[in-house]
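final-v7.txt, holding compact mmCIF, C-alpha atoms:
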```txt
# COMPACT_ATOMS: atom_id res chain seq x y z
CA GLY A 1 103.25 98.80 97.60
CA ALA A 2 100.51 97.57 99.96
CA VAL A 3 101.67 93.96 100.19
CA VAL A 4 100.31 91.88 103.05
CA SER A 5 101.80 88.52 103.97
CA GLN A 6 100.56 85.72 106.19
CA HIS A 7 102.35 82.86 107.85
CA PRO A 8 101.88 79.98 107.76
CA SER A 9 100.02 79.47 104.50
CA TRP A 10 98.56 76.25 105.83
CA VAL A 11 98.59 74.36 109.11
CA ILE A 12 97.29 71.03 110.35
CA CYS A 13 96.94 70.56 114.07
CA LYS A 14 95.41 68.21 116.59
CA SER A 15 92.21 69.07 118.39
CA GLY A 16 92.92 70.90 121.63
CA THR A 17 96.12 72.58 120.53
CA SER A 18 96.60 76.29 119.83
CA VAL A 19 97.64 77.74 116.51
CA LYS A 20 99.16 81.15 115.84
CA ILE A 21 98.74 82.92 112.50
CA GLU A 22 100.81 85.99 111.61
CA CYS A 23 99.78 88.89 109.39
CA ARG A 24 102.42 91.37 108.26
CA SER A 25 102.30 94.55 106.24
CA LEU A 26 105.52 94.31 104.24
CA ASP A 27 106.15 97.80 102.95
CA PHE A 28 103.86 99.99 104.98
CA GLN A 29 102.67 100.47 108.52
CA ALA A 30 99.21 99.56 109.69
CA THR A 31 97.80 100.70 113.00
CA THR A 32 94.71 98.67 112.22
CA MET A 33 94.36 95.26 110.62
CA PHE A 34 91.33 93.06 110.13
CA TRP A 35 90.81 89.32 110.43
CA TYR A 36 88.30 87.46 108.27
CA ARG A 37 87.17 83.88 108.12
CA GLN A 38 86.02 82.09 104.99
CA PHE A 39 84.35 78.70 104.73
CA PRO A 40 84.57 76.70 101.48
CA LYS A 41 82.59 78.31 98.66
CA LYS A 42 81.41 81.02 101.00
CA SER A 43 82.07 84.70 101.39
CA LEU A 44 84.43 86.40 103.82
CA MET A 45 83.07 87.24 107.26
CA LEU A 46 84.76 89.82 109.43
CA MET A 47 85.88 88.40 112.76
CA ALA A 48 87.69 91.24 114.49
CA THR A 49 89.61 94.48 114.20
CA SER A 50 93.20 94.39 115.40
CA ASN A 51 94.39 97.67 116.91
CA GLU A 52 98.06 98.43 117.46
CA GLY A 53 98.68 99.20 121.11
CA SER A 54 95.17 98.44 122.31
CA LYS A 55 92.66 95.63 122.58
CA ALA A 56 91.10 94.08 119.52
CA THR A 57 87.41 94.61 118.88
CA TYR A 58 85.37 91.58 117.95
CA GLU A 59 82.31 91.23 115.77
CA GLN A 60 79.13 89.90 117.29
CA GLY A 61 79.24 86.16 117.80
CA VAL A 62 83.04 85.85 117.71
CA GLU A 63 84.54 84.50 120.95
CA LYS A 64 87.41 86.73 122.01
CA ASP A 65 88.85 84.08 124.32
CA LYS A 66 88.84 81.61 121.47
CA PHE A 67 90.45 83.88 118.91
CA LEU A 68 93.18 85.87 120.62
CA ILE A 69 94.50 88.85 118.67
CA ASN A 70 97.70 90.73 119.41
CA HIS A 71 98.87 93.72 117.38
CA ALA A 72 102.43 93.84 118.62
CA SER A 73 103.85 96.39 116.19
CA LEU A 74 102.87 98.64 113.32
CA THR A 75 103.54 95.82 110.84
CA LEU A 76 102.42 92.69 112.67
CA SER A 77 99.15 91.28 113.95
CA THR A 78 98.72 87.73 115.20
CA LEU A 79 95.62 85.60 115.52
CA THR A 80 95.82 82.66 117.91
CA VAL A 81 93.14 80.00 117.70
CA THR A 82 93.10 78.54 121.20
CA SER A 83 92.12 74.96 121.99
CA ALA A 84 91.27 74.38 118.36
CA HIS A 85 88.46 72.06 117.40
CA PRO A 86 87.49 70.63 113.99
CA GLU A 87 84.79 73.28 113.57
CA ASP A 88 87.55 75.92 113.67
CA SER A 89 88.91 74.53 110.41
CA SER A 90 88.65 77.33 107.90
CA PHE A 91 90.51 79.80 105.71
CA TYR A 92 91.68 82.78 107.76
CA ILE A 93 92.55 85.99 105.91
CA CYS A 94 93.83 89.30 107.20
CA SER A 95 93.66 92.73 105.62
CA ALA A 96 95.31 96.07 106.19
CA PRO A 97 94.63 99.54 104.80
CA GLY A 98 97.23 100.75 102.33
CA THR A 99 97.74 102.52 99.04
CA SER A 100 99.02 101.13 95.78
CA GLY A 101 99.24 102.55 92.29
CA MET A 102 95.91 103.84 91.10
CA PHE A 103 94.06 103.26 94.37
CA ARG A 104 93.71 105.58 97.29
CA GLU A 105 93.89 103.99 100.70
CA THR A 106 91.81 100.86 100.73
CA GLN A 107 91.96 97.33 102.09
CA TYR A 108 94.60 94.87 100.90
CA PHE A 109 94.40 91.21 101.80
CA GLY A 110 96.98 88.65 102.73
CA PRO A 111 97.15 85.32 100.89
CA GLY A 112 95.28 83.51 103.66
CA THR A 113 96.02 80.65 106.04
CA ARG A 114 94.29 77.32 105.66
CA LEU A 115 93.70 75.69 109.08
CA LEU A 116 92.73 72.05 109.39
CA VAL A 117 92.03 70.72 112.86
CA LEU A 118 91.98 66.95 113.17
CA GLY B 1 76.32 89.06 109.69
CA GLN B 2 75.07 91.34 106.98
CA GLN B 3 76.01 90.56 103.41
CA LEU B 4 75.55 92.40 100.20
CA ASN B 5 73.26 90.83 97.62
CA GLN B 6 75.49 89.84 94.73
CA SER B 7 74.28 88.32 91.48
CA PRO B 8 74.58 86.17 89.59
CA GLN B 9 75.96 83.43 91.82
CA SER B 10 77.75 81.83 88.91
CA MET B 11 78.35 82.38 85.21
CA PHE B 12 79.52 80.09 82.45
CA ILE B 13 80.64 81.99 79.37
CA GLN B 14 82.67 81.58 76.21
CA GLU B 15 86.01 83.28 75.81
CA GLY B 16 85.54 86.69 74.26
CA GLU B 17 82.12 87.36 75.77
CA ASP B 18 81.39 90.27 78.06
CA VAL B 19 80.40 89.69 81.69
CA SER B 20 78.32 91.77 84.06
CA MET B 21 77.68 91.27 87.77
CA ASN B 22 76.17 93.52 90.40
CA CYS B 23 75.68 94.08 94.09
CA THR B 24 72.89 95.75 96.01
CA SER B 25 72.47 96.74 99.61
CA SER B 26 69.70 98.03 101.80
CA SER B 27 72.09 100.50 103.40
CA ILE B 28 74.55 103.09 102.18
CA PHE B 29 78.28 102.56 101.77
CA ASN B 30 80.98 105.19 101.38
CA THR B 31 83.22 103.01 99.24
CA TRP B 32 82.58 100.06 96.96
CA LEU B 33 85.34 97.62 96.16
CA TRP B 34 85.58 94.74 93.72
CA TYR B 35 87.94 91.83 94.43
CA LYS B 36 88.91 88.64 92.58
CA GLN B 37 89.84 85.54 94.52
CA ASP B 38 91.61 82.51 93.08
CA PRO B 39 91.33 79.15 94.89
CA GLY B 40 93.40 79.02 98.06
CA GLU B 41 94.47 82.65 97.84
CA GLY B 42 93.42 85.95 99.33
CA PRO B 43 91.23 88.44 97.46
CA VAL B 44 93.02 90.78 95.07
CA LEU B 45 91.69 94.30 94.61
CA LEU B 46 90.45 95.05 91.09
CA ILE B 47 88.65 98.35 91.34
CA ALA B 48 87.84 100.83 94.11
CA LEU B 49 84.96 103.32 93.88
CA TYR B 50 84.88 106.33 96.18
CA LYS B 51 82.07 108.62 94.99
CA ALA B 52 78.41 108.06 94.18
CA GLY B 53 77.95 107.90 90.43
CA GLU B 54 81.64 107.26 89.81
CA LEU B 55 82.48 105.15 86.77
CA THR B 56 85.99 103.67 86.80
CA SER B 57 87.90 101.44 84.43
CA ASN B 58 90.93 99.24 84.94
CA GLY B 59 91.89 97.60 81.66
CA ARG B 60 89.01 95.39 80.56
CA LEU B 61 87.17 96.02 83.82
CA THR B 62 84.63 98.76 84.36
CA ALA B 63 82.73 99.39 87.56
CA GLN B 64 80.26 101.98 88.73
CA PHE B 65 79.23 103.23 92.15
CA GLY B 66 75.45 103.66 92.15
CA ILE B 67 74.06 107.12 92.59
CA THR B 68 72.10 106.02 95.66
CA ARG B 69 75.31 104.54 97.16
CA LYS B 70 73.47 101.27 97.63
CA ASP B 71 74.63 99.40 94.57
CA SER B 72 77.49 98.77 92.17
CA PHE B 73 78.18 96.78 89.04
CA LEU B 74 81.29 95.28 87.50
CA ASN B 75 81.68 94.61 83.80
CA ILE B 76 84.44 92.52 82.23
CA SER B 77 84.83 92.91 78.49
CA ALA B 78 86.24 90.34 76.07
CA SER B 79 86.74 87.67 78.72
CA ILE B 80 89.82 85.44 78.64
CA PRO B 81 90.50 82.12 80.42
CA SER B 82 92.52 83.77 83.18
CA ASP B 83 89.42 85.72 84.23
CA VAL B 84 88.22 82.51 85.88
CA GLY B 85 87.75 82.91 89.61
CA ILE B 86 85.39 84.22 92.24
CA TYR B 87 84.52 87.90 92.15
CA PHE B 88 83.39 89.65 95.32
CA CYS B 89 81.93 93.06 95.84
CA ALA B 90 82.58 94.72 99.18
CA GLY B 91 81.21 97.82 100.81
CA GLN B 92 82.97 100.01 103.33
CA ARG B 93 81.41 102.58 105.61
CA GLY B 94 83.13 105.53 107.20
CA GLY B 95 83.50 106.70 110.76
CA THR B 96 84.05 104.02 113.38
CA SER B 97 83.38 101.33 110.77
CA TYR B 98 86.20 102.50 108.51
CA GLY B 99 88.17 99.57 107.17
CA LYS B 100 85.53 96.98 107.97
CA LEU B 101 84.28 95.39 104.78
CA THR B 102 80.92 93.77 104.13
CA PHE B 103 81.14 91.25 101.32
CA GLY B 104 78.75 89.98 98.72
CA GLN B 105 78.22 86.25 98.33
CA GLY B 106 80.53 86.11 95.32
CA THR B 107 80.13 85.34 91.61
CA ILE B 108 81.89 82.25 90.33
CA LEU B 109 83.07 82.89 86.78
CA THR B 110 83.95 80.08 84.41
CA VAL B 111 85.33 80.92 80.97
CA HIS B 112 85.35 78.24 78.28
CA PRO B 113 88.14 78.60 75.71
```
Please go through the file and, once you have read it, give me the structure as structure tokens.
Amino acid sequence: GAVVSQHPSWVICKSGTSVKIECRSLDFQATTMFWYRQFPKKSLMLMATSNEGSKATYEQGVEKDKFLINHASLTLSTLTVTSAHPEDSSFYICSAPGTSGMFRETQYFGPGTRLLVL
Amino acid sequence: GQQLNQSPQSMFIQEGEDVSMNCTSSSIFNTWLWYKQDPGEGPVLLIALYKAGELTSNGRLTAQFGITRKDSFLNISASIPSDVGIYFCAGQRGGTSYGKLTFGQGTILTVHP
């Protein structure tokens, strides 16, 4: 249980275009999901909390108009990077709370999406 | 944003050796988690700690939740080549911050056969 998928796994786009990244909980429902960003050889930094049926909440310093989040159903959250620029190039990872085997409910991560903006 | 202080930053060891890494924080966390991340992939949960003082094992991995709730360590015994990767500690608070994780800087582990 507690498998989280992301699509696409990697994307290359031109500067100025928008890119949508999907995060799905495959075998469980998640009313809340989280989006992280990771630069090369760096740690994960929380960007925003995606809430099913309501607005996302963003961490300080994250532009909500730049990173649009939609939690359309109990198994899907999307992150859209609008008008992407090269500095938006990064590894984007989502997480969702779930249970699996020996662990009580905790956070499980998707495999990540590598974004390269040219 | 805030990060946990994780050390060491990197380790180079021989296969079969034991490994120890730790994380400290200036503030309290309700849950401590340890993840392993391989290049180009998302973090995979190794161990979750839910109570202060808790000592938990998962195969060759052992982790403890500090009694002050401000620190945790992870030990890997008898390392093997597939242990190579980046290990992250993460803390989770309760209440309105439930689910939000604060990560350490990571420990890059290299195992020489």
Surrounding residues of Pro8 in chain A excluding itself and chain neighbours under 4 positions, 12 Å, only C-alpha atoms, as a ChimeraX atom specification: /A:12,19-24,78-79,91-93,110-115
What are the closest atom pairs, with distances in Å to one decimal, for all residues of chain A lying within 10 Å of chain B? Consider all atoms listed in the file, order rows by chain and residue number, and present the result as a tab-separated table.
```
residue	atom	partner	partner_atom	distance
A:Val4	CA	B:Gly42	CA	9.8
A:Ser5	CA	B:Gly42	CA	9.9
A:Gln6	CA	B:Gly42	CA	9.9
A:Ser9	CA	B:Glu41	CA	9.2
A:Trp10	CA	B:Gly40	CA	9.7
A:Thr32	CA	B:Gly99	CA	8.3
A:Met33	CA	B:Gly99	CA	8.3
A:Phe34	CA	B:Lys100	CA	7.3
A:Trp35	CA	B:Lys100	CA	9.6
A:Tyr36	CA	B:Leu101	CA	9.6
A:Pro40	CA	B:Gly40	CA	9.7
A:Lys41	CA	B:Gly106	CA	8.7
A:Lys42	CA	B:Gln105	CA	6.7
A:Ser43	CA	B:Gln105	CA	5.2
A:Leu44	CA	B:Phe103	CA	6.4
A:Met45	CA	B:Gly1	CA	7.4
A:Leu46	CA	B:Leu101	CA	7.3
A:Met47	CA	B:Lys100	CA	9.8
A:Ala48	CA	B:Lys100	CA	9.0
A:Thr49	CA	B:Lys100	CA	7.9
A:Glu59	CA	B:Gly1	CA	8.8
A:Gln60	CA	B:Gly1	CA	8.1
A:Gly61	CA	B:Gly1	CA	9.1
A:Phe91	CA	B:Gly40	CA	8.2
A:Tyr92	CA	B:Gly42	CA	9.2
A:Ile93	CA	B:Gly42	CA	6.6
A:Cys94	CA	B:Gly42	CA	8.6
A:Ser95	CA	B:Gly99	CA	8.9
A:Ala96	CA	B:Gly99	CA	8.0
A:Pro97	CA	B:Gly99	CA	6.9
A:Met102	CA	B:Ile47	CA	9.1
A:Phe103	CA	B:Ala48	CA	6.7
A:Arg104	CA	B:Ala48	CA	8.2
A:Glu105	CA	B:Ala48	CA	9.5
A:Thr106	CA	B:Gly99	CA	7.5
A:Gln107	CA	B:Gly99	CA	6.7
A:Tyr108	CA	B:Leu45	CA	7.0
A:Phe109	CA	B:Gly42	CA	5.9
A:Gly110	CA	B:Gly42	CA	5.6
A:Pro111	CA	B:Gly42	CA	4.1
A:Gly112	CA	B:Gly42	CA	5.3
A:Thr113	CA	B:Gly40	CA	8.6
A:Arg114	CA	B:Gly40	CA	7.8
```
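In this structure, CA of Thr75 in chain A sits 7.1 Å away from CA of Leu26 in chain A.
Pairwise distance (CA of Ser77 in chain A, CA of Glu63 in chain A) equals 17.6 Å.
For the atom pair formed by CA of Arg60 in chain B and CA of Arg93 in chain B, the distance is 27.1 Å, given to one decimal.
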Near-range 61-75 of chain B list (10 Å; all atoms listed in the file; drop same-chain fewer than 3 positions) as number ranges by chain: B: 4-7, 18-34, 46-58, 78-79, 87-91
